[in-house]
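Asks: Below: one structure in structure tokens.
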Amino acid sequence: MAERMSTQMPAGKNGRARNGSTRRDLRRGWSAMPETPWSAVDQYITDLLVPPDAALDAALLESAAAGLPAISVTPNQGKLLQLIARIQGARDILEIGTLGGYSTIWLARALPAGGRVVTLESDPKHASVARANLARAGLEESVELRLGLALETLPLIARERGRPFDLIFIDADKAGIPKYFAWALTLSRTGTVIIVDNVVRNGAVIDASSADPSVQGVRRFNEMLAAEPRVSATTIQTVGSKGYDGFTIMLVTKGA
Ligand code: SAH
Ligand code: DHB
Ligand code: MG
């Protein structure tokens, strides 16, 4: 199967097979091709290891009903974020890019008593869906959702806060990743974990001549990362129900 897929990879933009593949998906990229086992394996893993949860399931249903794009992390990716937060013992988490709050719920549930997630969202409709989803999950106290462009909110947070974040998840617009990464370092300490979503982009990340601002944002971020002495980082490619993409995970090793 893998061999066959590697010879059949069509050019094209990322497609998502989350809700089942369609003929249209065939033109949109390798990751959406109906013969890939990725979505079925994600389902298999999720059925085994990610028990249904009323608040998380409702967050996805309500987000879809409100017309939000189906671009939340997958259930098994949400659980990965939660596991990393727990492994690290994170009490203060920053998320850039809330959408309907699905990843926010996963992260907030990793917090010890008294811990907090600050999550940044620029779209008022996304923010209002997220607020309802977070309230339904009983997380009003532990999550602070800040409406506004992240690049306007981040300087306010830096000014207001007396302490760094333990974990930062960067998942807003991809053209902005270089600037979000710089802010993440400002808001970090030695030992902070920074995770960046969507850094492989169906493989387009290796296309230096790409005109896609998202690809250029990821590439510029990678150059910064390669030259950054204060972090130790790696990137893992992922496949699944959202297609072919990846995460960068890093540890701040010298006080940022
Ligand atoms: N983390 C979410 C998905 C986020 S999708 C999850 O996995 O469940 C990206 C979100 O970033 C969208 O809701 C989009 O409105 C928001 N966004 C885009 N540009 C932004 C900006 N400049 N500032 C803040 N949020 C932004
Ligand atoms: C998009 C954004 C995301 O955060 C993601 O995980 C997938 C897709 C997007 O803007 O298309
Ligand atoms: Mg993402």
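How things are named: the first chain in the structure tokens is A, the next is B, and so on; residues count from 1 in each chain; ligands count from 1 in the order shown.
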Listing only residues of range 80-199 of chain A within 10 Å of range 68-73 of chain A, what is the closest atom pair and its distance in Å (to one decimal) for each, using only C-alpha atoms, sorted by chain and residue number ascending, as CSV?

Replies:
residue,atom,partner,partner_atom,distance
A:Leu80,CA,A:Val73,CA,9.9
A:Leu81,CA,A:Val73,CA,9.3
A:Gly97,CA,A:Ser72,CA,9.9
A:Thr98,CA,A:Ser72,CA,8.9
A:Leu99,CA,A:Ser72,CA,7.3
A:Gly100,CA,A:Leu68,CA,7.5
A:Gly101,CA,A:Ser72,CA,8.4
A:Tyr102,CA,A:Ser72,CA,6.4
A:Ser103,CA,A:Val73,CA,6.3
A:Thr104,CA,A:Ser72,CA,9.9
A:Trp106,CA,A:Val73,CA,9.9
A:Lys125,CA,A:Leu68,CA,8.5
A:His126,CA,A:Leu68,CA,7.0
A:Val129,CA,A:Leu68,CA,8.8
A:Asp171,CA,A:Ser72,CA,9.4
A:Asp197,CA,A:Val73,CA,8.7
A:Asn198,CA,A:Val73,CA,9.8

Asks: So which one's closest to Ala85 in chain A, A:Pro155, A:Asp47, A:Asp166, A:Arg161? Using only C-alpha atoms, please.

Replies: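 Ranked by minimum distance to Ala85 in chain A, first place goes to A:Asp166.
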
Asks: Hey, which of A:Leu145, A:Ala137, A:Val239, A:Ala211 ends up closest to Ser122 in chain A? Count only C-alpha atoms.

Replies: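 Closest to Ser122 in chain A, using only C-alpha atoms: A:Leu145.
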
Asks: Find the residue from A:Ser232, A:Asn202, A:Gln88, A:Thr119 that sits nearest to ligand 2; use only C-alpha atoms and all ligand atoms when measuring.

Replies: A:Asn202

Asks: Please identify the strand (DSSP E) residues within range 30-206 of chain A (assignment by DSSP from backbone atoms) and present them as a count of residues only.

Replies: 25

Asks: A:Ser188, A:Gln77, A:Gln43, A:Thr235: which is nearest ligand 3, counting only C-alpha atoms and all ligand atoms?

Replies: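 Closest to ligand 3 of all the choices is A:Gln77.
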
Asks: Counting only C-alpha atoms, which of A:Ile105, A:Ile249, A:Ala158, A:Val231 gets nearest to Ile194 in chain A?

Replies: A:Ile249

Asks: Could you give me, as a ChimeraX atom specification, each residue of range 61-227 of chain A that DSSP assigns to alpha helix (DSSP H) when run on this structure's backbone?

Replies: /A:61-65,75-88,102-108,124-136,150-160,177-186,213-226

Asks: Which neighbours of Val41 in chain A fall inside 12 Å, counting only C-alpha atoms, when residues of the same chain fewer than 6 positions from it are skipped, and could you give them as a list in words?

Replies: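 Non-adjacent residues within range: Asp47, Leu48, Asn76, Val239, Gly240, Ser241, Lys242 and Gly243 of chain A.
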
Asks: With distances taken over only C-alpha atoms, which of A:Ala184, A:Val117, A:Ile236, A:Ala204 is nearest to Val252 in chain A?

Replies: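 Ranking A:Ala184, A:Val117, A:Ile236, A:Ala204 by distance to Val252 in chain A, first place goes to A:Ala184.
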
Asks: Would you list the contacts of Leu149 in chain A as a list in words, taking every protein, DNA or RNA residue within 10 Å and counting only C-alpha atoms, but skipping same-chain residues closer than 6 positions in sequence?

Replies: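 Answer for this query is Ile96, Gly97, Leu120, Glu121, Ser122, Asp123 and Ala172 of chain A.
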
Asks: Rounded to one decimal in Å, what is the spacing between CA of Phe247 in chain A and atom 20 (C, counted along the ligand's line) of ligand 1?

Replies: 18.3 Å

Asks: What's the 9 Å shell around Leu151 in chain A, counting only C-alpha atoms, without same-chain residues fewer than 5 positions away, as a count of residues only?

Replies: 4
